[in-house]
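Listing of data10.cif; format and content: mmCIF, C-alpha atoms.
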data_input
loop_
_atom_site.label_atom_id
_atom_site.label_comp_id
_atom_site.auth_asym_id
_atom_site.auth_seq_id
_atom_site.Cartn_x
_atom_site.Cartn_y
_atom_site.Cartn_z
CA MET A 1 -160.61 -28.08 -220.60
CA VAL A 2 -158.51 -29.39 -217.75
CA LEU A 3 -157.39 -33.02 -217.66
CA PRO A 4 -158.26 -33.76 -214.00
CA LEU A 5 -161.79 -32.47 -214.57
CA LEU A 6 -162.11 -34.59 -217.70
CA LEU A 7 -161.00 -37.67 -215.77
CA VAL A 8 -163.54 -36.91 -213.05
CA LEU A 9 -166.26 -36.52 -215.68
CA VAL A 10 -165.37 -39.77 -217.45
CA ALA A 11 -165.09 -41.62 -214.14
CA LEU A 12 -168.53 -40.37 -213.08
CA CYS A 13 -170.00 -41.43 -216.44
CA LEU A 14 -168.50 -44.89 -216.09
CA ALA A 15 -169.73 -45.16 -212.51
CA LEU A 16 -173.26 -44.19 -213.52
CA ALA A 17 -173.13 -46.66 -216.43
CA ALA A 18 -171.95 -49.43 -214.10
CA TRP A 19 -174.74 -48.61 -211.66
CA ALA A 20 -177.27 -48.77 -214.48
CA LEU A 21 -175.74 -52.05 -215.73
CA ALA A 22 -176.17 -53.56 -212.25
CA PHE A 23 -179.85 -52.65 -212.55
CA VAL A 24 -180.12 -54.18 -216.02
CA VAL A 25 -178.69 -57.44 -214.71
CA ARG A 26 -181.17 -57.43 -211.82
CA ASP A 27 -184.02 -56.62 -214.23
CA ARG A 28 -184.81 -53.34 -212.49
CA ALA A 29 -185.96 -49.96 -213.76
CA VAL A 30 -184.15 -46.67 -213.17
CA ILE A 31 -184.71 -45.20 -209.70
CA LEU A 32 -184.79 -41.58 -208.62
CA ARG A 33 -181.38 -41.77 -206.96
CA GLN A 34 -179.83 -42.63 -210.32
CA LEU A 35 -181.33 -39.46 -211.75
CA PHE A 36 -179.51 -37.54 -209.00
CA GLY A 37 -176.42 -39.43 -210.15
CA ALA A 38 -177.06 -38.16 -213.67
CA GLY A 39 -177.38 -34.68 -212.13
CA VAL A 40 -173.90 -35.03 -210.63
CA VAL A 41 -172.51 -36.01 -214.06
CA GLU A 42 -174.27 -33.01 -215.57
CA LEU A 43 -172.77 -30.75 -212.90
CA ALA A 44 -169.26 -32.06 -213.60
CA LEU A 45 -169.84 -31.35 -217.28
CA ILE A 46 -171.02 -27.80 -216.59
CA VAL A 47 -167.97 -27.11 -214.39
CA GLN A 48 -165.71 -28.43 -217.14
CA LEU A 49 -167.42 -26.23 -219.73
CA VAL A 50 -167.21 -23.11 -217.56
CA VAL A 51 -163.48 -23.76 -217.09
CA ALA A 52 -163.15 -24.30 -220.85
CA GLY A 53 -164.95 -21.02 -221.51
CA VAL A 54 -162.64 -19.12 -219.14
CA LEU A 55 -159.52 -20.67 -220.71
CA MET A 56 -160.80 -19.76 -224.18
CA GLY A 57 -161.38 -16.22 -222.95
CA ARG A 58 -157.74 -16.14 -221.88
CA GLY A 59 -156.66 -17.08 -225.38
CA HIS A 60 -156.72 -20.87 -225.68
CA HIS A 61 -157.24 -21.56 -229.35
CA VAL A 62 -159.88 -24.11 -230.28
CA ASN A 63 -162.29 -24.85 -233.12
CA ALA A 64 -165.07 -23.10 -231.25
CA PRO A 65 -168.16 -24.08 -233.32
CA LEU A 66 -167.10 -27.72 -233.25
CA PHE A 67 -166.28 -27.67 -229.55
CA TRP A 68 -169.49 -25.96 -228.48
CA GLY A 69 -171.48 -28.21 -230.81
CA TYR A 70 -170.23 -31.21 -228.88
CA ALA A 71 -170.71 -29.37 -225.59
CA ALA A 72 -174.35 -28.54 -226.38
CA THR A 73 -175.05 -32.13 -227.43
CA ALA A 74 -173.49 -33.51 -224.26
CA LEU A 75 -175.38 -31.02 -222.07
CA VAL A 76 -178.78 -31.81 -223.56
CA LEU A 77 -178.35 -35.55 -223.99
CA LEU A 78 -178.28 -36.75 -220.41
CA PRO A 79 -181.34 -34.87 -219.06
CA VAL A 80 -183.41 -35.85 -222.11
CA ALA A 81 -182.28 -39.48 -221.95
CA ALA A 82 -182.83 -39.61 -218.17
CA ALA A 83 -186.38 -38.32 -218.51
CA TRP A 84 -187.03 -40.70 -221.40
CA ALA A 85 -185.62 -43.60 -219.36
CA PHE A 86 -187.52 -42.72 -216.19
CA ALA A 87 -190.87 -42.85 -218.01
CA GLU A 88 -190.25 -46.53 -218.75
CA ARG A 89 -190.70 -48.88 -215.82
CA THR A 90 -188.80 -51.91 -217.14
CA LYS A 91 -185.12 -52.83 -217.23
CA TRP A 92 -184.92 -51.11 -220.60
CA SER A 93 -184.93 -47.79 -218.77
CA SER A 94 -181.66 -48.88 -217.12
CA VAL A 95 -180.23 -49.82 -220.53
CA VAL A 96 -181.14 -46.35 -221.82
CA LEU A 97 -179.45 -44.64 -218.87
CA MET A 98 -176.37 -46.80 -219.30
CA VAL A 99 -176.07 -45.99 -223.01
CA ALA A 100 -176.62 -42.27 -222.41
CA SER A 101 -173.96 -42.03 -219.70
CA LEU A 102 -171.44 -43.90 -221.85
CA VAL A 103 -172.14 -41.55 -224.76
CA VAL A 104 -171.66 -38.49 -222.52
CA GLY A 105 -168.31 -39.90 -221.39
CA PHE A 106 -167.34 -40.45 -225.01
CA LEU A 107 -168.41 -36.90 -225.93
CA GLY A 108 -166.20 -35.62 -223.09
CA PHE A 109 -163.30 -37.54 -224.59
CA ARG A 110 -164.04 -36.15 -228.08
CA MET A 111 -164.15 -32.62 -226.66
CA TRP A 112 -160.74 -33.23 -225.12
CA GLN A 113 -159.41 -34.23 -228.57
CA ILE A 114 -160.89 -31.10 -230.16
CA TRP A 115 -159.48 -29.00 -227.32
CA GLY A 116 -155.97 -30.23 -228.03
CA ALA A 117 -156.21 -30.23 -231.82
CA ALA A 118 -156.30 -26.51 -232.65
CA MET B 1 -205.07 -49.46 -233.66
CA THR B 2 -204.20 -52.92 -232.44
CA ALA B 3 -200.48 -52.47 -233.02
CA ALA B 4 -198.29 -52.16 -229.95
CA PRO B 5 -196.61 -48.81 -229.29
CA THR B 6 -193.04 -48.79 -230.61
CA GLY B 7 -191.58 -46.61 -227.86
CA LYS B 8 -192.00 -49.01 -224.94
CA GLY B 9 -189.79 -51.76 -223.55
CA PHE B 10 -186.97 -52.62 -225.93
CA GLY B 11 -188.32 -49.88 -228.17
CA ARG B 12 -187.21 -47.33 -225.59
CA LEU B 13 -183.62 -48.31 -226.34
CA VAL B 14 -184.22 -48.20 -230.11
CA VAL B 15 -185.64 -44.68 -229.82
CA THR B 16 -182.71 -43.64 -227.59
CA ILE B 17 -180.14 -44.75 -230.12
CA TYR B 18 -182.09 -43.05 -232.91
CA GLY B 19 -182.15 -39.94 -230.76
CA ILE B 20 -178.39 -40.05 -230.21
CA LEU B 21 -177.75 -40.51 -233.92
CA ALA B 22 -180.17 -37.67 -234.61
CA PHE B 23 -178.15 -35.45 -232.26
CA ALA B 24 -174.91 -36.56 -233.89
CA ALA B 25 -176.12 -36.05 -237.46
CA VAL B 26 -177.80 -32.71 -236.72
CA GLY B 27 -174.68 -31.52 -234.93
CA ARG B 28 -172.42 -32.68 -237.73
CA SER B 29 -174.41 -31.09 -240.54
CA ALA B 30 -175.12 -27.91 -238.54
CA TYR B 31 -171.35 -27.56 -238.36
CA GLN B 32 -170.41 -28.81 -241.85
CA ILE B 33 -172.94 -27.02 -244.03
CA PRO B 34 -172.50 -23.42 -242.76
CA THR B 35 -168.71 -23.69 -242.45
CA SER B 36 -168.32 -24.89 -246.03
CA ALA B 37 -170.86 -22.50 -247.61
CA PRO B 38 -171.36 -21.46 -250.38
CA HIS B 39 -169.78 -24.52 -252.01
CA VAL B 40 -171.26 -27.23 -249.86
CA PRO B 41 -170.12 -30.69 -250.99
CA LEU B 42 -172.68 -33.38 -251.69
CA ALA B 43 -171.42 -35.37 -248.70
CA TYR B 44 -172.53 -32.60 -246.33
CA TRP B 45 -175.96 -32.33 -247.87
CA LEU B 46 -176.26 -36.08 -247.38
CA SER B 47 -175.38 -35.60 -243.71
CA GLY B 48 -178.14 -33.02 -243.48
CA PHE B 49 -180.60 -35.36 -245.15
CA ALA B 50 -179.60 -38.19 -242.81
CA ALA B 51 -180.06 -35.82 -239.86
CA VAL B 52 -183.63 -35.01 -240.88
CA VAL B 53 -184.41 -38.70 -241.38
CA TYR B 54 -183.02 -39.61 -237.95
CA VAL B 55 -184.98 -36.87 -236.21
CA VAL B 56 -188.26 -37.89 -237.86
CA ALA B 57 -187.54 -41.59 -237.25
CA ALA B 58 -186.76 -40.99 -233.57
CA VAL B 59 -189.90 -38.92 -233.03
CA SER B 60 -192.21 -41.25 -234.95
CA LEU B 61 -190.83 -44.37 -233.24
CA GLY B 62 -191.13 -42.60 -229.90
CA LEU B 63 -194.80 -41.77 -230.48
CA GLY B 64 -195.29 -45.07 -232.25
CA ARG B 65 -199.02 -45.18 -232.93
CA GLY B 66 -201.27 -44.84 -235.95
CA ALA B 67 -199.91 -42.49 -238.56
CA TRP B 68 -196.64 -42.14 -236.60
CA ARG B 69 -196.12 -45.86 -237.01
CA ARG B 70 -196.49 -45.55 -240.78
CA LEU B 71 -194.11 -42.60 -240.79
CA ALA B 72 -191.66 -44.72 -238.80
CA TRP B 73 -191.84 -47.47 -241.45
CA VAL B 74 -191.13 -44.90 -244.16
CA THR B 75 -188.25 -43.12 -242.42
CA VAL B 76 -186.58 -46.29 -241.14
CA GLY B 77 -186.96 -47.73 -244.65
CA ILE B 78 -185.38 -44.62 -246.22
CA GLU B 79 -182.57 -44.96 -243.73
CA ALA B 80 -181.93 -48.60 -244.61
CA VAL B 81 -181.81 -47.75 -248.32
CA GLY B 82 -179.76 -44.60 -247.65
CA VAL B 83 -177.03 -46.22 -245.58
CA LEU B 84 -176.64 -49.06 -248.08
CA THR B 85 -176.67 -46.75 -251.12
CA VAL B 86 -174.28 -44.16 -249.68
CA GLY B 87 -172.19 -46.92 -248.13
CA ILE B 88 -171.71 -48.66 -251.47
CA ALA B 89 -171.25 -45.35 -253.32
CA SER B 90 -168.60 -44.26 -250.83
CA ILE B 91 -166.47 -47.27 -251.74
CA PHE B 92 -166.23 -45.96 -255.31
CA VAL B 93 -166.70 -42.20 -255.08
CA HIS B 94 -163.77 -40.46 -253.47
CA GLU B 95 -165.72 -37.35 -252.53
CA LEU B 96 -168.14 -39.41 -250.47
CA ARG B 97 -165.43 -41.50 -248.87
CA SER B 98 -162.86 -38.98 -247.79
CA ASP B 99 -165.00 -36.24 -246.38
CA GLY B 100 -167.48 -37.11 -243.77
CA THR B 101 -171.04 -37.87 -244.43
CA VAL B 102 -172.87 -39.77 -241.73
CA TRP B 103 -173.55 -42.76 -243.97
CA ARG B 104 -170.01 -42.93 -245.42
CA MET B 105 -168.58 -46.46 -245.38
CA PHE B 106 -171.84 -47.75 -243.89
CA GLY B 107 -171.66 -45.43 -240.89
CA MET B 108 -168.13 -46.32 -239.86
CA ASP B 109 -167.68 -43.03 -237.94
CA TYR B 110 -170.53 -44.03 -235.65
CA GLY B 111 -169.46 -47.58 -234.92
CA PHE B 112 -171.59 -48.92 -237.78
CA PHE B 113 -174.71 -48.12 -235.78
CA PRO B 114 -176.23 -46.42 -238.85
CA LEU B 115 -175.95 -49.75 -240.68
CA VAL B 116 -177.38 -51.95 -237.94
CA LEU B 117 -180.03 -49.62 -236.58
CA PRO B 118 -182.47 -49.44 -239.54
CA PHE B 119 -182.70 -53.20 -239.65
CA VAL B 120 -183.27 -53.35 -235.90
CA GLY B 121 -185.91 -50.65 -236.43
CA LEU B 122 -187.65 -52.56 -239.21
CA TRP B 123 -187.55 -55.75 -237.16
CA TRP B 124 -188.99 -53.90 -234.17
CA LEU B 125 -191.80 -52.34 -236.23
CA TRP B 126 -192.60 -55.80 -237.56
CA ARG B 127 -192.41 -57.33 -234.10
CA THR B 128 -194.79 -54.77 -232.59
CA ARG B 129 -197.27 -54.83 -235.47
CA ARG B 130 -199.73 -56.55 -233.13
CA ALA B 131 -200.37 -55.69 -229.54
CA VAL B 132 -199.36 -58.49 -227.19
CA GLU B 133 -201.66 -58.99 -224.23
CA PRO B 134 -199.90 -61.47 -221.99
CA SER B 135 -202.82 -61.66 -219.58
CA SER B 136 -205.39 -62.10 -222.33
CA PRO B 137 -207.06 -65.52 -222.24
CA ASP B 138 -207.70 -65.39 -225.98
CA PRO B 139 -204.43 -65.45 -227.96
CA SER B 140 -206.16 -65.28 -231.34
CA SER B 141 -206.63 -61.53 -231.27
CA PRO B 142 -208.48 -59.88 -234.17
CA GLU B 143 -206.55 -59.35 -237.35
CA THR B 144 -204.60 -56.16 -237.56
CA GLU B 145 -204.56 -53.95 -240.55
CA PRO B 146 -201.83 -54.90 -242.99
CA GLU B 147 -198.76 -52.83 -242.26
CA SER B 148 -196.57 -54.24 -244.96
CA GLU B 149 -195.77 -51.07 -246.86
CA ARG B 150 -192.04 -51.45 -246.31
#
structure tokens encoding of this file:
Amino acid sequence: MVLPLLLVLVALCLALAAWALAFVVRDRAVILRQLFGAGVVELALIVQLVVAGVLMGRGHHVNAPLFWGYAATALVLLPVAAAWAFAERTKWSSVVLMVASLVVGFLGFRMWQIWGAA
Amino acid sequence: MTAAPTGKGFGRLVVTIYGILAFAAVGRSAYQIPTSAPHVPLAYWLSGFAAVVYVVAAVSLGLGRGAWRRLAWVTVGIEAVGVLTVGIASIFVHELRSDGTVWRMFGMDYGFFPLVLPFVGLWWLWRTRRAVEPSSPDPSSPETEPESER
């Protein structure tokens, strides 16, 4: 993993969460544009993971099963949560999106810890 | 079935958090159990058990009707008992305290969500035991079947 990419990922997660929070406050459901936002977060995550894979190929030592376990969870979580949120047409869909994006940001942070630990 | 579905409205959030814990517990035990084989400590088996319970609870709350509702009562109930039992045991038993099981110290590793969530789940199942029809002119809807089996 590379720190600037991690910071971009976490910033995007926080931005998406803030956007969703604004919708919670206004009692609105998730809109399609927010799903594109989730897509951008997902893309940032994929880029980060590709970079991580390349660095591991070049000999960076990491607890691979643990790292990829977190990576797989983070990859799957947002699309599933976004679909689950979008099917609900109340403000609770925005709460779901907010929680999911915060968790993805947290998983990114945990992956950074695992990356540096080994 | 006159009970309201458990996966709608606020329930969507409950299912989401169950889903996230299911991911976390499955991930944790999928890592812990194979990497410690063949001498898998009890704590890791408990993580695996918790993982299965979370997955079934998330799915049954998400579907939330009929038999799924009953299954949700059972799994959320098991979870409430499990987190309290393992939580109390982990105060006294070193093996359960030091090495991670999901329910150790009442789910401390997961921000105590495992402690709070089953009671939110039970409350939600109780709350949705009858369908609410806000537009219905007759508030005294027919009696629902008793759903009091914990």
Should the cut-off be 8 Å, what would the residue list for chain B against chain A look like, counting all atoms listed in the file, as a PyMOL selection string? chain B and resi 8-10+12-13+16+20+23-24+27+31
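Comparing the minimum interatomic distances between Ala72 of chain B and each of B:Thr85, B:Val55, B:Phe49, B:Phe112, counting all atoms listed in the file, we find that B:Val55 sits nearest.
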Please return, as a PyMOL selection string, all polymer residues that have at least one atom within 12 Å of the point (-185.8, -39.2, -242.2); use only C-alpha atoms and the file's own coordinate frame. chain B and resi 18+21-22+25-26+46-61+71-83+118
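Of note, atom CA of Arg129 of chain B and atom CA of Arg69 of chain B are spaced 9.2 Å apart.
Note that the spacing between atom CA of Asp27 of chain A and atom CA of Gly111 of chain B amounts to 26.9 Å.
Proximity of A:Gly59, A:Val2, A:Ile114, A:Phe86 to Arg28 of chain A, computed with all atoms listed in the file, is greatest for A:Phe86.
Picture a line from atom CA of Gly57 of chain A to atom CA of Gly116 of chain A; it runs 15.9 Å.
Nearest to Trp115 of chain A of all the residues A:Leu14, A:Leu102, A:Met1, A:Leu49 is A:Met1, based on all atoms listed in the file.
With distances restricted to all atoms listed in the file, A:Met98 is the closest residue to Leu16 of chain A from A:Met98, A:Arg58, A:Ala64, A:Arg110.
When all atoms listed in the file are used to compute distances to Tyr44 of chain B, the closest of the residues B:Leu125, B:Arg97, B:Arg28, B:Leu63 turns out to be B:Arg28.
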